[in-house]
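Novice: The file below is structure_17.cif, mmCIF, C-alpha atoms:
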data_input
loop_
_atom_site.group_PDB
_atom_site.id
_atom_site.type_symbol
_atom_site.label_atom_id
_atom_site.label_comp_id
_atom_site.auth_asym_id
_atom_site.auth_seq_id
_atom_site.Cartn_x
_atom_site.Cartn_y
_atom_site.Cartn_z
ATOM 1 C CA LYS Q 361 174.236 126.418 -163.666
ATOM 2 C CA ALA Q 362 171.310 128.674 -162.723
ATOM 3 C CA VAL Q 363 168.837 129.737 -165.403
ATOM 4 C CA THR Q 364 168.337 133.496 -165.608
ATOM 5 C CA GLY Q 365 165.153 135.382 -166.346
ATOM 6 C CA ALA Q 366 166.868 136.927 -169.363
ATOM 7 C CA GLN Q 367 167.586 133.459 -170.805
ATOM 8 C CA VAL Q 368 163.960 132.423 -170.376
ATOM 9 C CA GLY Q 369 162.762 135.714 -171.881
ATOM 10 C CA SER Q 370 164.989 135.295 -174.945
ATOM 11 C CA ALA Q 371 163.851 131.710 -175.450
ATOM 12 C CA VAL Q 372 160.169 132.698 -175.150
ATOM 13 C CA HIS Q 373 160.638 135.466 -177.723
ATOM 14 C CA GLU Q 374 162.307 133.036 -180.114
ATOM 15 C CA LEU Q 375 159.521 130.506 -179.560
ATOM 16 C CA MET Q 376 156.826 133.105 -180.254
ATOM 17 C CA GLN Q 377 158.606 134.120 -183.446
ATOM 18 C CA ARG Q 378 158.711 130.487 -184.583
ATOM 19 C CA MET Q 379 155.021 129.755 -183.919
ATOM 20 C CA PRO Q 380 153.287 128.678 -187.147
ATOM 21 C CA LEU Q 381 150.318 131.053 -186.935
ATOM 22 C CA GLU Q 382 148.667 129.543 -190.009
ATOM 23 C CA GLU Q 383 148.228 126.207 -188.200
ATOM 24 C CA GLU Q 384 146.044 125.323 -185.242
ATOM 25 C CA ILE Q 385 148.199 125.864 -182.181
ATOM 26 C CA THR Q 386 148.217 122.985 -179.705
ATOM 27 C CA LEU Q 387 150.620 121.773 -177.034
ATOM 28 C CA ASP Q 388 152.142 119.517 -179.717
ATOM 29 C CA THR Q 389 152.698 122.476 -182.076
ATOM 30 C CA LEU Q 390 154.282 124.384 -179.191
ATOM 31 C CA ARG Q 391 156.569 121.475 -178.310
ATOM 32 C CA GLN Q 392 157.663 121.112 -181.951
ATOM 33 C CA ALA Q 393 158.458 124.838 -182.189
ATOM 34 C CA LEU Q 394 160.265 124.675 -178.829
ATOM 35 C CA GLU Q 395 162.580 121.963 -180.204
ATOM 36 C CA GLN Q 396 163.855 124.529 -182.747
ATOM 37 C CA VAL Q 397 164.593 127.170 -180.104
ATOM 38 C CA GLN Q 398 168.316 127.719 -179.538
ATOM 39 C CA ALA Q 399 168.460 127.339 -175.753
ATOM 40 C CA GLU Q 400 169.669 124.892 -173.130
ATOM 41 C CA PRO Q 401 167.200 122.215 -171.979
ATOM 42 C CA ALA Q 402 167.085 123.783 -168.489
ATOM 43 C CA VAL Q 403 165.971 127.092 -170.051
ATOM 44 C CA LYS Q 404 163.348 125.429 -172.244
ATOM 45 C CA ALA Q 405 162.004 123.585 -169.188
ATOM 46 C CA ARG Q 406 161.183 126.937 -167.557
ATOM 47 C CA ILE Q 407 158.919 128.062 -170.434
ATOM 48 C CA LYS Q 408 155.243 127.838 -169.498
ATOM 49 C CA LEU Q 409 153.787 126.228 -172.622
ATOM 50 C CA GLU Q 410 150.300 126.167 -171.079
ATOM 51 C CA ALA Q 411 150.383 129.966 -170.688
ATOM 52 C CA ILE Q 412 151.469 130.391 -174.301
ATOM 53 C CA LEU Q 413 148.709 128.047 -175.457
ATOM 54 C CA ALA Q 414 146.239 130.064 -173.368
ATOM 55 C CA PHE Q 415 147.379 133.219 -175.205
ATOM 56 C CA TYR Q 416 146.388 131.744 -178.571
ATOM 57 C CA GLU Q 417 142.938 131.017 -177.099
ATOM 58 C CA THR Q 418 142.389 134.724 -176.232
ATOM 59 C CA PRO Q 419 140.648 137.074 -178.687
ATOM 60 C CA LEU Q 420 144.010 138.695 -179.555
ATOM 61 C CA GLY Q 421 145.764 135.347 -180.057
ATOM 62 C CA ALA Q 422 142.898 134.042 -182.214
ATOM 63 C CA LEU Q 423 142.970 137.233 -184.317
ATOM 64 C CA LEU Q 424 146.719 136.861 -184.905
ATOM 65 C CA GLN Q 425 146.111 133.348 -186.212
ATOM 66 C CA LYS Q 426 143.177 134.433 -188.385
ATOM 67 C CA GLU Q 427 145.190 137.330 -189.861
ATOM 68 C CA ALA Q 428 148.541 135.466 -189.956
ATOM 69 C CA PRO Q 429 149.716 136.929 -193.316
ATOM 70 C CA ARG Q 430 149.355 140.470 -191.900
ATOM 71 C CA VAL Q 431 151.270 139.787 -188.677
ATOM 72 C CA ARG Q 432 154.806 141.111 -188.438
ATOM 73 C CA ARG Q 433 157.082 139.633 -185.771
ATOM 74 C CA GLU Q 434 160.522 140.671 -184.519
ATOM 75 C CA ALA Q 435 160.324 143.799 -186.683
ATOM 76 C CA PRO Q 436 163.267 146.202 -186.428
ATOM 77 C CA PHE Q 437 162.642 149.938 -186.507
ATOM 78 C CA ALA Q 438 164.586 153.187 -186.384
ATOM 79 C CA MET Q 439 163.087 156.605 -185.728
ATOM 80 C CA LEU Q 440 164.485 160.122 -185.513
ATOM 81 C CA LYS Q 441 163.547 161.981 -182.319
ATOM 82 C CA LYS Q 442 164.457 165.394 -180.905
ATOM 83 C CA ASP Q 443 165.781 165.814 -177.375
ATOM 84 C CA PRO Q 444 163.552 168.487 -175.799
ATOM 85 C CA ALA Q 445 166.320 169.743 -173.485
ATOM 86 C CA SER Q 446 169.105 170.213 -176.056
ATOM 87 C CA GLY Q 447 167.120 170.388 -179.284
ATOM 88 C CA GLU Q 448 169.508 167.790 -180.742
ATOM 89 C CA ASP Q 449 168.240 164.994 -182.984
ATOM 90 C CA PHE Q 450 168.939 161.369 -182.076
ATOM 91 C CA VAL Q 451 168.020 157.970 -183.476
ATOM 92 C CA VAL Q 452 165.974 155.442 -181.524
ATOM 93 C CA ARG Q 453 166.309 151.831 -182.654
ATOM 94 C CA GLY Q 454 164.547 148.742 -181.439
ATOM 95 C CA ILE Q 455 162.774 145.545 -182.311
ATOM 96 C CA LEU Q 456 159.014 145.203 -181.986
ATOM 97 C CA ASP Q 457 157.880 141.786 -180.751
ATOM 98 C CA GLY Q 458 154.987 142.043 -183.147
ATOM 99 C CA TYR Q 459 152.089 143.919 -184.649
ATOM 100 C CA LEU Q 460 149.088 143.336 -186.866
ATOM 101 C CA VAL Q 461 148.107 145.903 -189.504
ATOM 102 C CA LEU Q 462 144.353 146.077 -190.093
ATOM 103 C CA GLU Q 463 142.451 148.501 -192.327
ATOM 104 C CA ASP Q 464 141.586 150.967 -189.558
ATOM 105 C CA ARG Q 465 144.112 150.247 -186.813
ATOM 106 C CA ILE Q 466 147.323 148.525 -185.783
ATOM 107 C CA LEU Q 467 147.504 146.078 -182.884
ATOM 108 C CA LEU Q 468 150.929 146.227 -181.235
ATOM 109 C CA PHE Q 469 151.896 143.414 -178.873
ATOM 110 C CA ASP Q 470 154.854 142.840 -176.622
ATOM 111 C CA TYR Q 471 155.685 139.673 -174.671
ATOM 112 C CA LYS Q 472 156.866 140.009 -171.093
ATOM 113 C CA THR Q 473 158.178 137.154 -168.985
ATOM 114 C CA ASP Q 474 158.921 139.299 -165.903
ATOM 115 C CA ARG Q 475 157.598 137.905 -162.655
ATOM 116 C CA TYR Q 476 154.891 140.115 -161.177
ATOM 117 C CA ARG Q 477 152.058 140.163 -158.666
ATOM 118 C CA ASN Q 478 149.950 142.958 -160.122
ATOM 119 C CA PRO Q 479 149.781 143.542 -163.892
ATOM 120 C CA GLN Q 480 149.639 147.289 -163.218
ATOM 121 C CA GLU Q 481 153.319 147.099 -162.205
ATOM 122 C CA LEU Q 482 154.264 145.973 -165.711
ATOM 123 C CA LEU Q 483 151.928 148.437 -167.407
ATOM 124 C CA ASP Q 484 153.658 151.210 -165.456
ATOM 125 C CA ARG Q 485 157.132 149.841 -166.212
ATOM 126 C CA TYR Q 486 156.620 149.370 -169.947
ATOM 127 C CA GLN Q 487 154.238 152.197 -170.870
ATOM 128 C CA ALA Q 488 156.982 154.458 -172.279
ATOM 129 C CA GLN Q 489 158.418 151.594 -174.354
ATOM 130 C CA LEU Q 490 155.019 150.787 -175.879
ATOM 131 C CA GLU Q 491 154.326 154.473 -176.550
ATOM 132 C CA LEU Q 492 157.638 154.717 -178.409
ATOM 133 C CA TYR Q 493 156.794 151.636 -180.481
ATOM 134 C CA ALA Q 494 153.319 153.036 -181.225
ATOM 135 C CA GLU Q 495 154.848 156.327 -182.399
ATOM 136 C CA ALA Q 496 157.175 154.439 -184.761
ATOM 137 C CA LEU Q 497 154.228 152.510 -186.223
ATOM 138 C CA ARG Q 498 152.116 155.684 -186.554
ATOM 139 C CA ARG Q 499 154.896 157.372 -188.497
ATOM 140 C CA SER Q 500 155.587 154.313 -190.682
ATOM 141 C CA TYR Q 501 151.995 153.498 -191.638
ATOM 142 C CA GLY Q 502 150.201 156.839 -191.252
ATOM 143 C CA ILE Q 503 147.596 155.118 -189.050
ATOM 144 C CA ASP Q 504 146.779 156.954 -185.832
ATOM 145 C CA ASN Q 505 144.761 154.215 -184.121
ATOM 146 C CA ILE Q 506 147.314 151.974 -182.375
ATOM 147 C CA GLU Q 507 146.140 149.474 -179.754
ATOM 148 C CA SER Q 508 149.000 148.347 -177.505
ATOM 149 C CA TYR Q 509 148.995 145.079 -175.551
ATOM 150 C CA LEU Q 510 151.326 143.436 -173.067
ATOM 151 C CA ILE Q 511 151.205 139.646 -173.089
ATOM 152 C CA LEU Q 512 152.207 138.778 -169.541
ATOM 153 C CA LEU Q 513 153.694 135.291 -169.286
ATOM 154 C CA GLY Q 514 155.482 135.628 -165.929
ATOM 155 C CA GLY Q 515 152.560 135.437 -163.526
ATOM 156 C CA GLU Q 516 150.500 132.628 -162.078
ATOM 157 C CA GLN Q 517 148.430 132.622 -165.255
ATOM 158 C CA LEU Q 518 148.552 134.337 -168.622
ATOM 159 C CA GLN Q 519 147.236 137.878 -168.819
ATOM 160 C CA VAL Q 520 146.773 140.045 -171.894
ATOM 161 C CA VAL Q 521 146.472 143.679 -170.879
ATOM 162 C CA SER Q 522 145.838 146.724 -172.978
ATOM 163 C CA LEU Q 523 147.745 149.930 -172.441
ATOM 164 C CA ALA Q 524 144.295 151.549 -172.534
ATOM 165 C CA ASP Q 525 143.588 149.651 -169.263
ATOM 166 C CA ARG Q 526 146.342 151.571 -167.465
ATOM 167 C CA LYS Q 527 145.211 153.338 -164.290
ATOM 168 C CA ASP Q 528 147.103 156.487 -163.365
#
Using the file provided, produce a representation of the structure as structure tokens.
Specialist:
Amino acid sequence: KAVTGAQVGSAVHELMQRMPLEEEITLDTLRQALEQVQAEPAVKARIKLEAILAFYETPLGALLQKEAPRVRREAPFAMLKKDPASGEDFVVRGILDGYLVLEDRILLFDYKTDRYRNPQELLDRYQAQLELYAEALRRSYGIDNIESYLILLGGEQLQVVSLADRKD
């Protein structure tokens, strides 16, 4: 049976939620966490553990480990919005992959396993989603400074890109 991108994406999200941020993250730690992931072996085999390990070696990944008690993962949210066309209120619900609340800012991060050639494609595709998440965090915490990051795990190598890097 063929493995779908959605299956791999779900398994990666579960793995990232299970990562013990308070411990040093190694390939062994990743393999142990992967054993707990509820997915078929063929799906788990498609997860690029080296890319995930590389993420934890980036400045953002290292900061998440350093500030582990302040990191929130798989955080549900609901927010009331107004439709500009009709003036009607509606509720937006979602789940944030994760964020880190610091004194002066919030770092929002979202994992993407989509295949891509140019990271700009994914920045363009997911900008509105990240802006919505940032608005929810701004309203919840009363902190205006939100830094948004995509953690791109579907390319040749890991890339962490900031929404601030987006080129219009």
Novice: Could you expand the PyMOL selection byres ((chain Q and resi 440) around 8) into the explicit residues it covers here, written as a list of chain:residue names?
Specialist: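 When the PyMOL selection byres ((chain Q and resi 440) around 8) is applied to the shown file, the picked residues are Q:Ala438, Q:Met439, Q:Lys441, Q:Lys442, Q:Asp449, Q:Phe450, Q:Val451, Q:Val452.
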Novice: Give the answer as one residue: which of Q:Asp474, Q:Glu383, Q:Glu448, Q:Glu463 has the shortest atom-to-atom distance to Ser370 in chain Q, using only C-alpha atoms?
Specialist: Q:Asp474
Novice: For the file shown, what are the residues hit by the PyMOL selection byres ((chain Q and resi 395-400) around 10), laid out as an MDAnalysis selection string?
Specialist: chainID Q and resid 363 367:368 370:378 390:394 401:405
Novice: I need the residues from that last selection saved to file as a PDB file, in the coordinates of the input (with C-alpha atoms), if you can.
Specialist:
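Once written, again_13.pdb looks like this:
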ATOM      1  CA  VAL Q 363     168.837 129.737-165.403  1.00  0.00           C
ATOM      2  CA  GLN Q 367     167.586 133.459-170.805  1.00  0.00           C
ATOM      3  CA  VAL Q 368     163.960 132.423-170.376  1.00  0.00           C
ATOM      4  CA  SER Q 370     164.989 135.295-174.945  1.00  0.00           C
ATOM      5  CA  ALA Q 371     163.851 131.710-175.450  1.00  0.00           C
ATOM      6  CA  VAL Q 372     160.169 132.698-175.150  1.00  0.00           C
ATOM      7  CA  HIS Q 373     160.638 135.466-177.723  1.00  0.00           C
ATOM      8  CA  GLU Q 374     162.307 133.036-180.114  1.00  0.00           C
ATOM      9  CA  LEU Q 375     159.521 130.506-179.560  1.00  0.00           C
ATOM     10  CA  MET Q 376     156.826 133.105-180.254  1.00  0.00           C
ATOM     11  CA  GLN Q 377     158.606 134.120-183.446  1.00  0.00           C
ATOM     12  CA  ARG Q 378     158.711 130.487-184.583  1.00  0.00           C
ATOM     13  CA  LEU Q 390     154.282 124.384-179.191  1.00  0.00           C
ATOM     14  CA  ARG Q 391     156.569 121.475-178.310  1.00  0.00           C
ATOM     15  CA  GLN Q 392     157.663 121.112-181.951  1.00  0.00           C
ATOM     16  CA  ALA Q 393     158.458 124.838-182.189  1.00  0.00           C
ATOM     17  CA  LEU Q 394     160.265 124.675-178.829  1.00  0.00           C
ATOM     18  CA  PRO Q 401     167.200 122.215-171.979  1.00  0.00           C
ATOM     19  CA  ALA Q 402     167.085 123.783-168.489  1.00  0.00           C
ATOM     20  CA  VAL Q 403     165.971 127.092-170.051  1.00  0.00           C
ATOM     21  CA  LYS Q 404     163.348 125.429-172.244  1.00  0.00           C
ATOM     22  CA  ALA Q 405     162.004 123.585-169.188  1.00  0.00           C
TER      23      ALA Q 405
END
Novice: I need the residue nearest Tyr509 in chain Q from this list: Q:Leu409, Q:Ala445, Q:Leu468, Q:Leu497. Use only C-alpha atoms for the distance.
Specialist: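 The closest residue to Tyr509 in chain Q is Q:Leu468.
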Novice: Give as a ChimeraX atom specification the residues that the PyMOL selection byres ((chain Q and resi 420) around 12) matches when applied to the coordinates above.
Specialist: /Q:414-419,421-428,431,459-460,467-470,507-511,519-522
Novice: Q:Lys361, Q:Arg499, Q:Lys472, Q:Arg485: which is nearest Phe437 in chain Q, counting all atoms listed in the file?
Specialist: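 With all atoms listed in the file as the atom set, the closest residue is Q:Arg499.
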Novice: I'd like the interatomic distance between CA of Tyr476 in chain Q and CA of Gly514 in chain Q, to a tenth of an Å.
Specialist: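 A separation of 6.6 Å between them.
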Novice: Between CA of Glu410 in chain Q and CA of Thr386 in chain Q, what is the distance, to one decimal in Å?
Specialist: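 For CA of Glu410 in chain Q relative to CA of Thr386 in chain Q, the distance reads 9.4 Å.
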Novice: So the first atom is CA of Asp504 in chain Q and the second is CA of Gly458 in chain Q; what is the distance between them in Å, to one decimal place?
Specialist: 17.2 Å
Novice: Excluding Asn505 in chain Q and residues on its chain fewer than 3 positions from it, collect all residues at most 8 Å away from it, counting only C-alpha atoms, and give them as a PDB file with C-alpha atoms, in the coordinates of the input.
Specialist:
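Okay, this is what ended up in around.pdb:
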ATOM      1  CA  ASP Q 464     141.586 150.967-189.558  1.00  0.00           C
ATOM      2  CA  ARG Q 465     144.112 150.247-186.813  1.00  0.00           C
ATOM      3  CA  ILE Q 466     147.323 148.525-185.783  1.00  0.00           C
ATOM      4  CA  ARG Q 498     152.116 155.684-186.554  1.00  0.00           C
TER       5      ARG Q 498
END
Novice: Looking at all atoms listed in the file, which of Q:Ala366, Q:Glu516, Q:Val461, Q:Ala524 is the one that sits closest to Glu491 in chain Q?
Specialist: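 Closest residue, counting all atoms listed in the file: Q:Ala524.
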Novice: Taking all atoms of range 420-425 of chain Q that appear in the file, build a box with edges along x, y and z, extend it by 8 Å on every side, and state its centre and edge lengths in Å to one decimal, as AutoDock Vina command-line options.
Specialist:
--center_x 144.8 --center_y 136.0 --center_z -182.9 --size_x 19.8 --size_y 21.3 --size_z 22.7
Novice: Which of these, Q:Gly447, Q:Pro380, Q:Gly454, Q:Gly515, has the shortest distance to Glu481 in chain Q once you count only C-alpha atoms?
Specialist: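 Of all the options, Q:Gly515 lies closest to Glu481 in chain Q.
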Novice: Will you model all heavy atoms for range 445-456 of chain Q and pass it back as a PDB file, in the coordinates of the input?
Specialist:
ATOM      1  N   ALA Q 445     165.413 168.895-174.276  1.00  0.00           N
ATOM      2  CA  ALA Q 445     166.320 169.743-173.485  1.00  0.00           C
ATOM      3  C   ALA Q 445     167.364 170.430-174.369  1.00  0.00           C
ATOM      4  O   ALA Q 445     167.590 171.631-174.262  1.00  0.00           O
ATOM      5  CB  ALA Q 445     167.002 168.916-172.398  1.00  0.00           C
ATOM      6  N   SER Q 446     168.008 169.658-175.256  1.00  0.00           N
ATOM      7  CA  SER Q 446     169.105 170.213-176.056  1.00  0.00           C
ATOM      8  C   SER Q 446     168.681 170.635-177.458  1.00  0.00           C
ATOM      9  O   SER Q 446     169.396 171.376-178.124  1.00  0.00           O
ATOM     10  CB  SER Q 446     170.231 169.181-176.179  1.00  0.00           C
ATOM     11  OG  SER Q 446     169.801 168.097-176.989  1.00  0.00           O
ATOM     12  N   GLY Q 447     167.544 170.117-177.915  1.00  0.00           N
ATOM     13  CA  GLY Q 447     167.120 170.388-179.284  1.00  0.00           C
ATOM     14  C   GLY Q 447     167.854 169.548-180.309  1.00  0.00           C
ATOM     15  O   GLY Q 447     167.643 169.683-181.508  1.00  0.00           O
ATOM     16  N   GLU Q 448     168.733 168.647-179.844  1.00  0.00           N
ATOM     17  CA  GLU Q 448     169.508 167.790-180.742  1.00  0.00           C
ATOM     18  C   GLU Q 448     168.668 166.595-181.211  1.00  0.00           C
ATOM     19  O   GLU Q 448     167.875 166.042-180.445  1.00  0.00           O
ATOM     20  CB  GLU Q 448     170.759 167.263-180.034  1.00  0.00           C
ATOM     21  CG  GLU Q 448     171.764 168.327-179.677  1.00  0.00           C
ATOM     22  CD  GLU Q 448     172.443 168.924-180.899  1.00  0.00           C
ATOM     23  OE1 GLU Q 448     172.771 168.177-181.837  1.00  0.00           O
ATOM     24  OE2 GLU Q 448     172.619 170.159-180.904  1.00  0.00           O
ATOM     25  N   ASP Q 449     168.887 166.192-182.458  1.00  0.00           N
ATOM     26  CA  ASP Q 449     168.240 164.994-182.984  1.00  0.00           C
ATOM     27  C   ASP Q 449     169.017 163.753-182.555  1.00  0.00           C
ATOM     28  O   ASP Q 449     170.245 163.812-182.407  1.00  0.00           O
ATOM     29  CB  ASP Q 449     168.200 165.026-184.520  1.00  0.00           C
ATOM     30  CG  ASP Q 449     167.216 166.067-185.056  1.00  0.00           C
ATOM     31  OD1 ASP Q 449     166.271 166.421-184.324  1.00  0.00           O
ATOM     32  OD2 ASP Q 449     167.395 166.509-186.203  1.00  0.00           O
ATOM     33  N   PHE Q 450     168.301 162.654-182.364  1.00  0.00           N
ATOM     34  CA  PHE Q 450     168.939 161.369-182.076  1.00  0.00           C
ATOM     35  C   PHE Q 450     168.090 160.254-182.676  1.00  0.00           C
ATOM     36  O   PHE Q 450     166.915 160.456-182.989  1.00  0.00           O
ATOM     37  CB  PHE Q 450     169.153 161.161-180.566  1.00  0.00           C
ATOM     38  CG  PHE Q 450     167.882 161.076-179.761  1.00  0.00           C
ATOM     39  CD1 PHE Q 450     167.338 159.838-179.414  1.00  0.00           C
ATOM     40  CD2 PHE Q 450     167.232 162.231-179.331  1.00  0.00           C
ATOM     41  CE1 PHE Q 450     166.183 159.765-178.661  1.00  0.00           C
ATOM     42  CE2 PHE Q 450     166.073 162.164-178.577  1.00  0.00           C
ATOM     43  CZ  PHE Q 450     165.540 160.919-178.241  1.00  0.00           C
ATOM     44  N   VAL Q 451     168.702 159.116-182.875  1.00  0.00           N
ATOM     45  CA  VAL Q 451     168.020 157.970-183.476  1.00  0.00           C
ATOM     46  C   VAL Q 451     167.675 156.965-182.388  1.00  0.00           C
ATOM     47  O   VAL Q 451     168.504 156.624-181.548  1.00  0.00           O
ATOM     48  CB  VAL Q 451     168.901 157.299-184.553  1.00  0.00           C
ATOM     49  CG1 VAL Q 451     168.229 156.059-185.120  1.00  0.00           C
ATOM     50  CG2 VAL Q 451     169.223 158.288-185.672  1.00  0.00           C
ATOM     51  N   VAL Q 452     166.434 156.507-182.412  1.00  0.00           N
ATOM     52  CA  VAL Q 452     165.974 155.442-181.524  1.00  0.00           C
ATOM     53  C   VAL Q 452     165.828 154.191-182.386  1.00  0.00           C
ATOM     54  O   VAL Q 452     165.210 154.241-183.449  1.00  0.00           O
ATOM     55  CB  VAL Q 452     164.602 155.798-180.887  1.00  0.00           C
ATOM     56  CG1 VAL Q 452     164.089 154.647-180.046  1.00  0.00           C
ATOM     57  CG2 VAL Q 452     164.701 157.065-180.086  1.00  0.00           C
ATOM     58  N   ARG Q 453     166.414 153.107-181.934  1.00  0.00           N
ATOM     59  CA  ARG Q 453     166.309 151.831-182.654  1.00  0.00           C
ATOM     60  C   ARG Q 453     165.770 150.780-181.699  1.00  0.00           C
ATOM     61  O   ARG Q 453     166.030 150.835-180.502  1.00  0.00           O
ATOM     62  CB  ARG Q 453     167.678 151.366-183.146  1.00  0.00           C
ATOM     63  CG  ARG Q 453     168.333 152.260-184.126  1.00  0.00           C
ATOM     64  CD  ARG Q 453     169.724 151.689-184.506  1.00  0.00           C
ATOM     65  NE  ARG Q 453     170.574 152.691-185.084  1.00  0.00           N
ATOM     66  CZ  ARG Q 453     170.531 153.073-186.352  1.00  0.00           C
ATOM     67  NH1 ARG Q 453     169.675 152.513-187.167  1.00  0.00           N
ATOM     68  NH2 ARG Q 453     171.345 154.004-186.792  1.00  0.00           N
ATOM     69  N   GLY Q 454     165.064 149.825-182.260  1.00  0.00           N
ATOM     70  CA  GLY Q 454     164.547 148.742-181.439  1.00  0.00           C
ATOM     71  C   GLY Q 454     163.980 147.637-182.299  1.00  0.00           C
ATOM     72  O   GLY Q 454     164.045 147.698-183.532  1.00  0.00           O
ATOM     73  N   ILE Q 455     163.426 146.655-181.626  1.00  0.00           N
ATOM     74  CA  ILE Q 455     162.774 145.545-182.311  1.00  0.00           C
ATOM     75  C   ILE Q 455     161.419 145.336-181.655  1.00  0.00           C
ATOM     76  O   ILE Q 455     161.336 145.116-180.445  1.00  0.00           O
ATOM     77  CB  ILE Q 455     163.620 144.258-182.238  1.00  0.00           C
ATOM     78  CG1 ILE Q 455     164.954 144.482-182.941  1.00  0.00           C
ATOM     79  CG2 ILE Q 455     162.859 143.084-182.864  1.00  0.00           C
ATOM     80  CD1 ILE Q 455     165.893 143.297-182.902  1.00  0.00           C
ATOM     81  N   LEU Q 456     160.372 145.430-182.464  1.00  0.00           N
ATOM     82  CA  LEU Q 456     159.014 145.203-181.986  1.00  0.00           C
ATOM     83  C   LEU Q 456     158.773 143.697-181.924  1.00  0.00           C
ATOM     84  O   LEU Q 456     159.058 142.989-182.895  1.00  0.00           O
ATOM     85  CB  LEU Q 456     157.993 145.822-182.943  1.00  0.00           C
ATOM     86  CG  LEU Q 456     158.159 147.301-183.280  1.00  0.00           C
ATOM     87  CD1 LEU Q 456     157.185 147.705-184.371  1.00  0.00           C
ATOM     88  CD2 LEU Q 456     157.947 148.142-182.053  1.00  0.00           C
TER      89      LEU Q 456
END
